[in-house]
Number of protein chains: 2
Amino acid sequence: MARAQASVRVLGVDPGLTRCGVGVVDVAADRSATLVHVGVVRSDPELPIERRLTLIAAGLRAVIAEHRPHVVAVERVFAQQNRGTVMGTAQASGIALLLAGESGLAAATHTPSEVKAAITGYGNADKRQVQAMVARILRLDDLPKPADAADALALALCHAWRSGGPAVAAPGSAGKGALTPAQRAWAEAERASRR
Amino acid sequence: MARAQASVRVLGVDPGLTRCGVGVVDVAADRSATLVHVGVVRSDPELPIERRLTLIAAGLRAVIAEHRPHVVAVERVFAQQNRGTVMGTAQASGIALLLAGESGLAAATHTPSEVKAAITGYGNADKRQVQAMVARILRLDDLPKPADAADALALALCHAWRSGGPAVAAPGSAGKGALTPAQRAWAEAERASRR
């Protein structure tokens, strides 16, 4: 897919062993965003852990190779979260960060509430609100599904906006978090669009 | 290093980001064990996480390439363990399991108390007791150091013994956990040697 020159391409990863959400977006200097890719990398829970992680890594590598993101944003995993699967989630997040490092890409982690706040303006937004806002931002006709895929897109958008968009790809321009007048106008329009 | 035909070579990994212990042992059918390699893969805590994981992966890959283990045993990480570093530990364990999978090796995880019980006969043994027993089993003049390296050796020994030694490398022989008369004699001698 064609890529505007002054945009940053972000791969968002919602880590998981059974379903690992992946979403790639291009975010322009004016903070507008375009969907590049969305999907889910899966591994069968019946397989041994080393095979599952190998499948997750292969799926993520394929997305990186095909879409060549500038940066990888991964959801930050906390020990407190739903006990049963948290270690597998942490392992999958480690794989995503490793592949970023091995591809020479920068990586960042964001907490679920940072993502919700960036996308909906509200850190306690529910999954449905995040999905609806992601669909609106990316001008999608339907909600991105499954939820893991929507979360991955939300992460990618969150990262681009929090880090000042294309400044990530072009260090020395606007700078981290500093909004240009156009970005500020867009942020206000965005806020207004949230009812 | 020469390798006896009927032995299994196990790489034990005590996962960590700052220090990741690695130990390789050959364990024979009579459960006697020989040290092949012991060391620690390190990464600077000042580096971004994606660089740290890349360094850990490179170090583990080098050990696998040089010593060609049959199987990789990794300490099982629990969410409850020391909160601050547990996510990094889980990520490092995911990297070790991934590299096993990508090298076509089997992998297994063992809990710290399984390891302590296998090595010292006592699931609540302290680190010093485990180190001393590892040194005795491997006929080392000094305690293996740092503790992460000793833990990695203990893991490797634990795995070989729990899975019936060379049965792992040669399916169809003695079978999982079934002790031959010689192994049983050795196990008794081992037990006697623990005072």
# chains A, B, ... in the order shown; residues from 1 in each chain; ligands from 1

call {"tool": "interface_residues", "arguments": {"of": "chain A", "to": "chain B", "cutoff": "12 Å", "atoms": "only C-alpha atoms", "output": "PyMOL selection string"}}
result
chain A and resi 15-17+47-58+71-74+76-109

call {"tool": "select_by_dssp", "arguments": {"residues": "segment 66-149 of chain A", "states": "alpha helix (DSSP H)", "output": "count of residues only"}}
result
45

call {"tool": "residues_around", "arguments": {"residues": "Gln131 of chain B", "least_positions_apart": "5", "cutoff": "7 Å", "atoms": "only C-alpha atoms", "output": "list in words"}}
result
Leu143, Pro144 and Ala150 of chain B

call {"tool": "atom_distance", "arguments": {"atom1": "atom CA of Ala160 of chain B", "atom2": "atom CA of Ala132 of chain B"}}
result
18.7 Å

call {"tool": "atom_distance", "arguments": {"atom1": "atom CA of Val63 of chain B", "atom2": "atom CA of Ala149 of chain B"}}
result
13.3 Å
